[in-house]
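Note: the block below is target16.txt and it holds compact mmCIF, C-alpha atoms.
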```
# COMPACT_ATOMS: atom_id res chain seq x y z
CA MET A 156 54.35 31.02 31.64
CA SER A 157 56.99 33.61 30.69
CA GLN A 158 57.58 34.53 27.06
CA GLU A 159 60.99 32.83 27.16
CA GLU A 160 59.44 29.56 28.35
CA GLU A 161 56.79 29.80 25.65
CA VAL A 162 59.50 30.28 22.99
CA VAL A 163 61.34 27.16 24.20
CA ARG A 164 58.08 25.16 24.33
CA ARG A 165 57.15 26.12 20.78
CA GLN A 166 60.66 25.45 19.48
CA ARG A 167 60.67 21.99 21.09
CA GLU A 168 57.22 21.19 19.73
CA ARG A 169 58.19 22.30 16.21
CA ALA A 170 61.50 20.42 16.36
CA ARG A 171 59.66 17.23 17.34
CA ILE A 172 57.17 17.59 14.48
CA LEU A 173 59.95 18.39 12.01
CA ALA A 174 61.87 15.30 13.12
CA TRP A 175 58.82 13.10 12.49
CA LEU A 176 58.25 14.72 9.09
CA LEU A 177 61.88 14.25 8.07
CA GLY A 178 61.77 10.63 9.23
CA GLY A 179 58.61 10.09 7.20
CA PHE A 180 60.24 11.71 4.17
CA VAL A 181 63.24 9.36 4.39
CA VAL A 182 60.89 6.36 4.49
CA LEU A 183 58.93 7.80 1.54
CA LEU A 184 62.14 8.34 -0.46
CA PHE A 185 63.09 4.72 0.20
CA PHE A 186 59.77 3.46 -1.19
CA ILE A 187 59.91 5.89 -4.15
CA THR A 188 63.37 4.52 -5.02
CA ILE A 189 62.12 0.95 -4.77
CA ALA A 190 59.13 1.79 -7.01
CA LYS A 191 61.21 3.75 -9.56
CA THR A 192 63.85 1.04 -9.89
CA GLY A 193 61.09 -1.53 -10.35
CA ILE A 194 62.38 -3.92 -7.72
CA ASN A 195 59.77 -6.54 -6.88
CA TRP A 196 59.56 -7.77 -3.32
CA MET B 806 47.37 26.16 28.63
CA PRO B 807 48.02 29.09 30.98
CA ALA B 808 47.82 32.51 29.42
CA ILE B 809 51.10 34.25 28.70
CA GLU B 810 51.85 37.89 28.29
CA MET B 811 53.12 38.72 24.85
CA SER B 812 54.20 42.20 23.87
CA ASN B 813 54.65 41.11 20.25
CA PRO B 814 53.16 37.67 19.44
CA ALA B 815 54.66 37.62 15.93
CA ALA B 816 58.15 37.76 17.48
CA LEU B 817 57.55 34.26 18.89
CA PRO B 818 58.17 31.20 16.74
CA ALA B 819 54.78 30.34 15.24
CA ASP B 820 52.76 27.61 16.92
CA TRP B 821 52.51 24.53 14.69
CA ARG B 822 48.72 24.80 14.74
CA ASP B 823 49.01 28.23 13.15
CA ILE B 824 51.39 26.89 10.50
CA LEU B 825 48.86 24.16 9.77
CA ALA B 826 46.02 26.72 9.60
CA LEU B 827 48.06 28.65 7.05
CA THR B 828 47.66 25.73 4.63
CA LYS B 829 43.82 25.92 4.77
CA PRO B 830 43.35 22.20 5.60
CA ARG B 831 39.62 22.19 4.79
CA VAL B 832 40.19 23.49 1.26
CA MET B 833 43.06 21.03 0.96
CA SER B 834 40.76 18.07 1.67
CA LEU B 835 38.61 18.76 -1.42
CA VAL B 836 41.73 19.33 -3.56
CA VAL B 837 43.27 16.06 -2.35
CA PHE B 838 40.03 14.19 -2.96
CA SER B 839 39.63 15.47 -6.53
CA GLY B 840 43.31 14.75 -7.25
CA LEU B 841 42.98 11.24 -5.85
CA CYS B 842 39.88 10.62 -7.96
CA GLY B 843 41.72 11.83 -11.08
CA LEU B 844 44.51 9.39 -10.29
CA LEU B 845 42.16 6.48 -9.50
CA ALA B 846 40.08 7.09 -12.64
CA ALA B 847 43.15 6.72 -14.87
CA PRO B 848 43.45 3.56 -17.00
CA VAL B 849 46.75 2.59 -15.35
CA LEU B 850 47.68 2.86 -11.70
CA PRO B 851 51.18 3.81 -10.56
CA PRO B 852 52.92 1.83 -7.77
CA LEU B 853 51.42 2.65 -4.38
CA ALA B 854 54.41 4.72 -3.21
CA LEU B 855 54.33 6.87 -6.36
CA GLY B 856 50.55 7.32 -6.24
CA PHE B 857 50.77 8.31 -2.57
CA THR B 858 53.58 10.75 -3.36
CA ALA B 859 51.57 12.31 -6.20
CA ILE B 860 48.63 12.97 -3.86
CA LEU B 861 50.98 14.21 -1.14
CA CYS B 862 52.49 16.68 -3.63
CA ILE B 863 49.03 17.91 -4.65
CA ALA B 864 48.22 18.42 -0.93
CA LEU B 865 51.50 20.24 -0.29
CA ALA B 866 50.96 22.46 -3.34
CA ALA B 867 47.45 23.29 -2.10
CA GLY B 868 48.96 24.14 1.29
CA ALA B 869 51.52 26.38 -0.39
CA CYS B 870 48.73 28.16 -2.29
CA GLY B 871 46.83 28.69 0.99
CA ALA B 872 49.92 30.09 2.72
CA LEU B 873 50.83 32.43 -0.15
CA ASN B 874 47.20 33.55 -0.47
CA GLN B 875 47.08 34.43 3.24
CA TRP B 876 50.47 36.11 3.04
CA TYR B 877 49.28 38.35 0.21
CA GLU B 878 45.79 39.04 1.57
CA VAL B 879 46.62 39.79 5.19
CA GLU B 880 45.09 43.29 5.09
CA ILE B 881 41.95 42.04 3.34
CA ASP B 882 41.59 39.11 5.78
CA ALA B 883 41.84 41.52 8.70
CA LYS B 884 38.75 43.38 7.42
CA MET B 885 36.53 40.29 7.06
CA ARG B 886 34.87 38.60 10.06
CA ARG B 887 35.25 35.16 8.43
CA THR B 888 39.03 35.51 8.10
CA ALA B 889 40.09 38.01 10.79
CA LYS B 890 41.11 35.24 13.22
CA ARG B 891 43.59 33.66 10.80
CA PRO B 892 47.20 33.53 12.11
CA LEU B 893 48.51 36.48 10.06
CA PRO B 894 45.73 39.07 10.54
CA ALA B 895 45.44 38.05 14.21
CA GLY B 896 49.18 38.78 14.60
CA ARG B 897 50.12 35.28 15.79
CA MET B 898 52.62 34.76 13.01
CA ASP B 899 55.32 36.69 11.20
CA ARG B 900 54.37 37.61 7.62
CA ASP B 901 57.82 36.84 6.15
CA ALA B 902 57.74 33.39 7.76
CA ALA B 903 54.46 32.70 5.95
CA LEU B 904 55.98 33.76 2.62
CA GLN B 905 59.06 31.58 3.12
CA PHE B 906 56.91 28.64 4.20
CA GLY B 907 54.63 29.00 1.15
CA VAL B 908 57.43 29.35 -1.40
CA GLY B 909 59.42 26.51 0.16
CA LEU B 910 56.44 24.17 0.33
CA GLY B 911 55.42 24.94 -3.27
CA ALA B 912 58.93 24.42 -4.66
CA PHE B 913 59.34 21.20 -2.68
CA SER B 914 56.00 19.80 -3.91
CA VAL B 915 56.88 20.48 -7.58
CA LEU B 916 60.37 18.99 -7.28
CA LEU B 917 59.13 15.88 -5.49
CA MET B 918 56.31 15.41 -8.03
CA GLY B 919 58.79 15.59 -10.91
CA LEU B 920 61.24 13.17 -9.32
CA ALA B 921 58.61 10.67 -8.14
CA THR B 922 56.13 10.63 -11.04
CA ASN B 923 56.79 12.62 -14.23
CA TRP B 924 57.72 16.15 -15.19
CA LEU B 925 54.47 16.86 -17.07
CA ALA B 926 52.61 16.39 -13.76
CA ALA B 927 55.23 18.58 -12.04
CA VAL B 928 54.82 21.34 -14.66
CA LEU B 929 51.02 21.21 -14.28
CA LEU B 930 51.43 21.42 -10.50
CA ALA B 931 53.75 24.44 -10.85
CA VAL B 932 51.32 26.10 -13.29
CA SER B 933 48.42 25.52 -10.87
CA ILE B 934 50.34 27.15 -7.97
CA LEU B 935 51.43 30.13 -10.10
CA PHE B 936 47.94 30.46 -11.59
CA TYR B 937 46.32 30.50 -8.14
CA VAL B 938 48.82 32.89 -6.57
CA LEU B 939 49.68 35.27 -9.42
CA ILE B 940 46.66 35.18 -11.77
CA TYR B 941 43.90 34.70 -9.18
CA THR B 942 45.11 36.13 -5.84
CA VAL B 943 47.33 38.98 -7.02
CA TRP B 944 45.81 39.96 -10.38
CA LEU B 945 42.14 39.02 -10.76
CA LYS B 946 40.65 38.85 -7.25
CA PRO B 947 41.10 42.51 -6.33
CA ARG B 948 40.27 43.79 -9.86
CA THR B 949 37.35 42.04 -11.50
CA ALA B 950 34.01 40.50 -10.62
CA GLN B 951 34.93 37.61 -12.93
CA ASN B 952 37.78 36.68 -10.54
CA ILE B 953 36.15 33.41 -9.53
CA VAL B 954 35.40 32.36 -13.12
CA ILE B 955 38.99 32.49 -14.38
CA GLY B 956 40.54 31.80 -10.98
CA GLY B 957 38.43 28.66 -10.75
CA ALA B 958 40.82 27.09 -13.23
CA ALA B 959 43.43 26.87 -10.46
CA GLY B 960 41.18 24.60 -8.42
CA ALA B 961 40.37 22.54 -11.51
CA PHE B 962 43.94 21.30 -11.93
CA PRO B 963 44.09 18.53 -9.24
CA PRO B 964 42.10 15.81 -11.08
CA LEU B 965 44.10 16.56 -14.24
CA ILE B 966 47.38 16.37 -12.29
CA GLY B 967 46.30 13.12 -10.60
CA TRP B 968 45.54 11.56 -13.99
CA VAL B 969 48.79 12.80 -15.58
CA ALA B 970 50.81 11.60 -12.55
CA ALA B 971 49.40 8.12 -13.17
CA THR B 972 49.60 7.98 -16.97
CA GLY B 973 52.22 10.55 -18.01
CA HIS B 974 49.93 12.11 -20.63
CA MET B 975 46.72 14.11 -21.12
CA ALA B 976 43.41 12.63 -22.26
CA THR B 977 39.84 13.74 -22.92
CA LEU B 978 38.36 12.55 -19.60
CA PRO B 979 40.73 14.47 -17.27
CA LEU B 980 40.24 17.58 -19.44
CA LEU B 981 36.49 17.15 -18.93
CA LEU B 982 37.09 16.76 -15.18
CA PHE B 983 39.02 20.03 -15.36
CA GLY B 984 36.01 21.58 -17.10
CA ILE B 985 33.61 20.24 -14.47
CA VAL B 986 35.52 21.79 -11.53
CA PHE B 987 36.01 24.97 -13.59
CA LEU B 988 32.23 25.32 -14.12
CA TRP B 989 31.43 24.20 -10.56
CA THR B 990 33.55 26.93 -8.95
CA PRO B 991 31.46 30.05 -9.86
CA PRO B 992 28.08 28.81 -8.54
CA HIS B 993 29.82 27.40 -5.44
CA PHE B 994 31.62 30.65 -4.56
CA TRP B 995 28.88 33.00 -5.71
CA ALA B 996 26.38 31.18 -3.47
CA LEU B 997 28.78 31.77 -0.56
CA SER B 998 29.53 35.36 -1.53
CA LEU B 999 25.80 36.16 -1.66
CA PHE B 1000 25.36 35.54 2.06
CA VAL B 1001 28.73 37.02 3.11
CA ARG B 1002 28.39 39.93 0.66
CA SER B 1003 28.87 42.59 3.35
CA ASP B 1004 32.21 41.00 4.30
CA TYR B 1005 33.50 41.22 0.72
CA ALA B 1006 32.15 44.75 0.35
CA ALA B 1007 33.91 45.83 3.58
CA ALA B 1008 37.18 44.35 2.32
CA GLY B 1009 36.79 46.04 -1.09
CA ILE B 1010 36.82 42.73 -3.01
CA PRO B 1011 34.78 43.14 -6.22
CA MET B 1012 32.86 39.86 -5.91
CA LEU B 1013 29.94 39.60 -8.33
CA PRO B 1014 27.19 40.20 -5.68
CA VAL B 1015 29.02 43.37 -4.57
CA VAL B 1016 29.52 44.72 -8.11
CA ALA B 1017 26.48 43.44 -10.02
CA GLY B 1018 23.99 42.89 -7.19
CA PRO B 1019 22.32 39.74 -5.81
CA GLN B 1020 19.80 39.23 -8.64
CA ASN B 1021 22.42 39.36 -11.38
CA THR B 1022 24.55 36.94 -9.37
CA ARG B 1023 21.60 34.55 -8.99
CA LYS B 1024 21.09 34.60 -12.78
CA GLN B 1025 24.78 33.81 -13.32
CA ILE B 1026 24.62 30.99 -10.75
CA PHE B 1027 21.73 29.42 -12.66
CA ILE B 1028 23.45 29.74 -16.07
CA TYR B 1029 26.66 28.18 -14.75
CA SER B 1030 24.67 25.40 -13.06
CA LEU B 1031 23.14 24.47 -16.43
CA ALA B 1032 26.58 24.46 -18.07
CA LEU B 1033 27.95 22.41 -15.16
CA ALA B 1034 25.15 19.85 -15.55
CA VAL B 1035 25.97 19.41 -19.26
CA ALA B 1036 29.71 19.08 -18.58
CA ALA B 1037 29.17 16.67 -15.66
CA VAL B 1038 26.93 14.31 -17.65
CA ALA B 1039 29.00 14.57 -20.89
CA PRO B 1040 31.58 11.82 -20.12
CA TRP B 1041 28.77 9.23 -20.11
CA PRO B 1042 27.29 9.76 -23.64
CA LEU B 1043 30.85 10.26 -24.92
CA GLY B 1044 31.59 6.71 -23.81
CA LEU B 1045 34.33 7.76 -21.37
CA THR B 1046 32.48 6.47 -18.31
CA GLY B 1047 29.80 3.89 -17.55
CA PRO B 1048 26.27 3.93 -16.13
CA ILE B 1049 27.32 4.31 -12.47
CA TYR B 1050 28.91 7.66 -13.18
CA GLY B 1051 26.23 8.56 -15.74
CA GLY B 1052 23.39 7.89 -13.27
CA ALA B 1053 25.11 9.71 -10.42
CA ALA B 1054 26.03 12.70 -12.60
CA THR B 1055 22.49 12.98 -13.96
CA GLY B 1056 20.81 12.75 -10.53
CA LEU B 1057 23.27 15.07 -8.81
CA SER B 1058 23.12 17.63 -11.61
CA ILE B 1059 19.32 17.67 -11.62
CA GLY B 1060 19.51 18.39 -7.86
CA PHE B 1061 22.06 21.14 -8.49
CA VAL B 1062 19.92 22.83 -11.13
CA ILE B 1063 16.80 22.59 -8.93
CA LEU B 1064 18.64 24.25 -6.01
CA ALA B 1065 20.10 26.88 -8.36
CA GLY B 1066 16.53 27.49 -9.60
CA ARG B 1067 15.42 28.12 -6.01
CA VAL B 1068 18.31 30.56 -5.60
CA LEU B 1069 17.17 32.29 -8.82
CA GLY B 1070 13.66 32.59 -7.38
CA ASN B 1071 14.84 34.05 -4.08
CA ARG B 1072 14.65 37.84 -3.81
CA ALA B 1073 16.18 38.23 -0.33
CA THR B 1074 18.96 40.69 0.33
CA ASP B 1075 19.27 39.88 4.05
CA PRO B 1076 21.71 36.96 4.65
CA ALA B 1077 19.32 35.57 7.29
CA GLU B 1078 16.75 34.92 4.52
CA MET B 1079 19.22 33.32 2.14
CA GLY B 1080 18.32 29.69 2.92
CA PRO B 1081 18.42 28.57 -0.75
CA GLU B 1082 21.91 30.09 -1.19
CA LYS B 1083 23.22 28.34 1.95
CA LYS B 1084 21.66 25.05 0.79
CA LEU B 1085 23.23 25.36 -2.67
CA PHE B 1086 26.63 26.12 -1.15
CA ALA B 1087 26.48 23.05 1.13
CA TYR B 1088 25.09 20.88 -1.69
CA SER B 1089 27.82 21.99 -4.10
CA VAL B 1090 30.49 20.55 -1.79
CA ILE B 1091 28.63 17.22 -1.47
CA TYR B 1092 27.99 17.28 -5.25
CA LEU B 1093 31.68 17.31 -6.13
CA PHE B 1094 32.58 14.66 -3.54
CA VAL B 1095 29.84 12.25 -4.70
CA LEU B 1096 30.38 12.95 -8.42
CA PHE B 1097 34.09 12.19 -8.23
CA GLY B 1098 33.43 9.24 -5.92
CA ALA B 1099 31.03 7.86 -8.57
CA LEU B 1100 33.72 8.32 -11.22
CA VAL B 1101 36.11 6.10 -9.26
CA ALA B 1102 33.37 3.57 -8.46
CA ASP B 1103 32.51 3.45 -12.16
CA ARG B 1104 36.15 2.74 -13.03
CA TRP B 1105 36.63 -0.04 -10.47
CA LEU B 1106 33.28 -1.73 -9.88
CA PRO B 1107 32.74 -4.69 -12.20
CA TRP B 1108 29.43 -3.64 -13.78
```
Take the structure I supplied and represent it as structure tokens, if you would.
Amino acid sequence: MSQEEEVVRRQRERARILAWLLGGFVVLLFFITIAKTGINW
Amino acid sequence: MPAIEMSNPAALPADWRDILALTKPRVMSLVVFSGLCGLLAAPVLPPLALGFTAILCIALAAGACGALNQWYEVEIDAKMRRTAKRPLPAGRMDRDAALQFGVGLGAFSVLLMGLATNWLAAVLLAVSILFYVLIYTVWLKPRTAQNIVIGGAAGAFPPLIGWVAATGHMATLPLLLFGIVFLWTPPHFWALSLFVRSDYAAAGIPMLPVVAGPQNTRKQIFIYSLALAVAAVAPWPLGLTGPIYGGAATGLSIGFVILAGRVLGNRATDPAEMGPEKKLFAYSVIYLFVLFGALVADRWLPW
């Protein structure tokens, strides 16, 4: 594998992980807001 | 994965496994556990999302501390066998990237803690990060043999933060938990530093066994173990916990003192003959896990 291919592979892998983390953070923020506003389900 | 030729590995974007390694996940697990126990031992529980966020923030802050510690100590880590393969000394990651990651993660954890739980918990979290990075890593560790004693306070914050995140205020029990981790840290790290003494000496870190010698260190381990035993059992006679915690703390602490006594009796200078030190180090990890587990069991079990 050339260095350029390795750079692209790592960037893709990191972008995928970051996307999952950001998605998780949005979900967490939603639940934090629900808990802070005291809305009961 | 096929091998690749890299003229300058640090010029590549860091592999996510190396970014994860920067956060010292194994250290993080004990920090998260003690923080969770502090939170679960509190008289009131926050909503699940807020409790989860509090623990997440403690974990992120611990990760930030790990990253900043490795950023600062890259030359020292390169000299020690135990740490030479870490991403920074091994050249697999750019040093500035580690600094930015650590600062960003730390700031994010404090901000999220403040917004999700309360600002007292956020301030304590910020103090713990600054204490670990500035007081312990930068100031004390390279200068004094008492580095672990005062620096141990940084690791003692999580149960206090967990409690404060749940309740919004301080109390006697979480301060005692702080004291327990504070007194646990020196015998735990000194036991380790006895059998990796040559590593610390090579790196020029003035750990107690390097500066004061193994026998002096063994004496200190025993003295701290006695103090730890008193602090660990104290919540029970003070009426802050029940018999489950009291029984566990008493039994575990007797075991700790016995093992520390064996360390005191050992005269070995060769790491290969330091069985009692290795046993005490392993036991000290189990000790804290079981002690804090008993604290939570005591709070929630009906008898």
inquiry  = I'd like the interatomic distance between CA of Pro1048 in chain B and CA of Phe857 in chain B, to a tenth of an Å.
reply    = 28.3 Å
task = Would you kindly return, as a ChimeraX atom specification, each protein, DNA or RNA residue with an atom no farther than 10 Å from any atom of Ser834 in chain B, considering all atoms listed in the file and excluding same-chain residues fewer than 6 positions away?
result = /B:840,864,867
ask   = So, counting only C-alpha atoms, which residue among A:Leu177, A:Gln158, A:Val182, A:Thr192 is closest to chain B?
value = A:Gln158
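Across the structure, CA of Ala859 in chain B and CA of Val932 in chain B are spaced 15.5 Å apart.
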remark   = re CA of Gly1098 in chain B and CA of Ala921 in chain B: distance 25.3 Å
Once you add 3 Å to each side, what are the centre and edge lengths of the axis-aligned box holding all listed atoms of range 172-181 of chain A? One decimal in Å, as lines of an AutoDock Vina configuration file, if you can.
```
center_x = 60.2
center_y = 13.9
center_z = 9.3
size_x = 12.1
size_y = 15.0
size_z = 16.3
```
ask   = Counting all atoms listed in the file, which residues of chain A come no farther than 9 Å from chain B, as a VMD selection string?
value = chain A and resid 156 to 158 161 to 162 165 to 166 168 to 169 172 183 to 184 186 to 191
Extract, using all atoms listed in the file, all DNA, RNA and protein residues at most 8 Å from range 1009-1019 of chain B, discarding same-chain residues fewer than 2 positions from it, and format them as a PDB file with C-alpha atoms, keeping the file's coordinate frame.
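Listed below is the output, selection26.pdb:
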```
ATOM      1  CA  ILE B 881      41.950  42.040   3.340  1.00  0.00           C
ATOM      2  CA  LYS B 946      40.650  38.850  -7.250  1.00  0.00           C
ATOM      3  CA  PRO B 947      41.100  42.510  -6.330  1.00  0.00           C
ATOM      4  CA  ARG B 948      40.270  43.790  -9.860  1.00  0.00           C
ATOM      5  CA  THR B 949      37.350  42.040 -11.500  1.00  0.00           C
ATOM      6  CA  ALA B 950      34.010  40.500 -10.620  1.00  0.00           C
ATOM      7  CA  GLN B 951      34.930  37.610 -12.930  1.00  0.00           C
ATOM      8  CA  ASN B 952      37.780  36.680 -10.540  1.00  0.00           C
ATOM      9  CA  TRP B 995      28.880  33.000  -5.710  1.00  0.00           C
ATOM     10  CA  SER B 998      29.530  35.360  -1.530  1.00  0.00           C
ATOM     11  CA  LEU B 999      25.800  36.160  -1.660  1.00  0.00           C
ATOM     12  CA  ARG B1002      28.390  39.930   0.660  1.00  0.00           C
ATOM     13  CA  SER B1003      28.870  42.590   3.350  1.00  0.00           C
ATOM     14  CA  TYR B1005      33.500  41.220   0.720  1.00  0.00           C
ATOM     15  CA  ALA B1006      32.150  44.750   0.350  1.00  0.00           C
ATOM     16  CA  ALA B1007      33.910  45.830   3.580  1.00  0.00           C
ATOM     17  CA  ASN B1021      22.420  39.360 -11.380  1.00  0.00           C
ATOM     18  CA  THR B1022      24.550  36.940  -9.370  1.00  0.00           C
ATOM     19  CA  ARG B1023      21.600  34.550  -8.990  1.00  0.00           C
ATOM     20  CA  THR B1074      18.960  40.690   0.330  1.00  0.00           C
TER      21      THR B1074
END
```
message = With 12 Å as the threshold, what does the neighbourhood of (21.2, 20.1, -11.6) contain in terms of residues, counting all atoms listed in the file? Coordinates are those of the file; answer as a PyMOL selection string.
response = chain B and resi 989+992+1026-1038+1053-1067+1085+1088-1089+1092
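Each of B:Gly871, B:Pro964, B:Pro991, B:Pro894 was compared to Val908 in chain B using all atoms listed in the file, and B:Gly871 turns out to be the nearest.
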ask   = Skipping near chain neighbours, those fewer than 3 positions away, what residues fall within 9 Å of Leu904 in chain B using all atoms listed in the file, listed as a PyMOL selection string?
value = chain B and resi 872-873+875-877+900-901+907-909
Output for the residues just chosen: C-alpha atoms as a PDB file, in the coordinates of the input:
```pdb
ATOM      1  CA  ALA B 872      49.920  30.090   2.720  1.00  0.00           C
ATOM      2  CA  LEU B 873      50.830  32.430  -0.150  1.00  0.00           C
ATOM      3  CA  GLN B 875      47.080  34.430   3.240  1.00  0.00           C
ATOM      4  CA  TRP B 876      50.470  36.110   3.040  1.00  0.00           C
ATOM      5  CA  TYR B 877      49.280  38.350   0.210  1.00  0.00           C
ATOM      6  CA  ARG B 900      54.370  37.610   7.620  1.00  0.00           C
ATOM      7  CA  ASP B 901      57.820  36.840   6.150  1.00  0.00           C
ATOM      8  CA  GLY B 907      54.630  29.000   1.150  1.00  0.00           C
ATOM      9  CA  VAL B 908      57.430  29.350  -1.400  1.00  0.00           C
ATOM     10  CA  GLY B 909      59.420  26.510   0.160  1.00  0.00           C
TER      11      GLY B 909
END
```
ask   = At a cut-off of 8 Å from (51.8, 17.2, -14.2) in the coordinates of the file, what residues are picked up using all atoms listed in the file, written as a list of chain:residue names?
value = B:Met918, B:Gly919, B:Asn923, B:Trp924, B:Leu925, B:Ala926, B:Ala927, B:Val928, B:Leu929, B:Leu930, B:Leu965, B:Ile966, B:Gly967, B:Val969, B:Ala970, B:Gly973
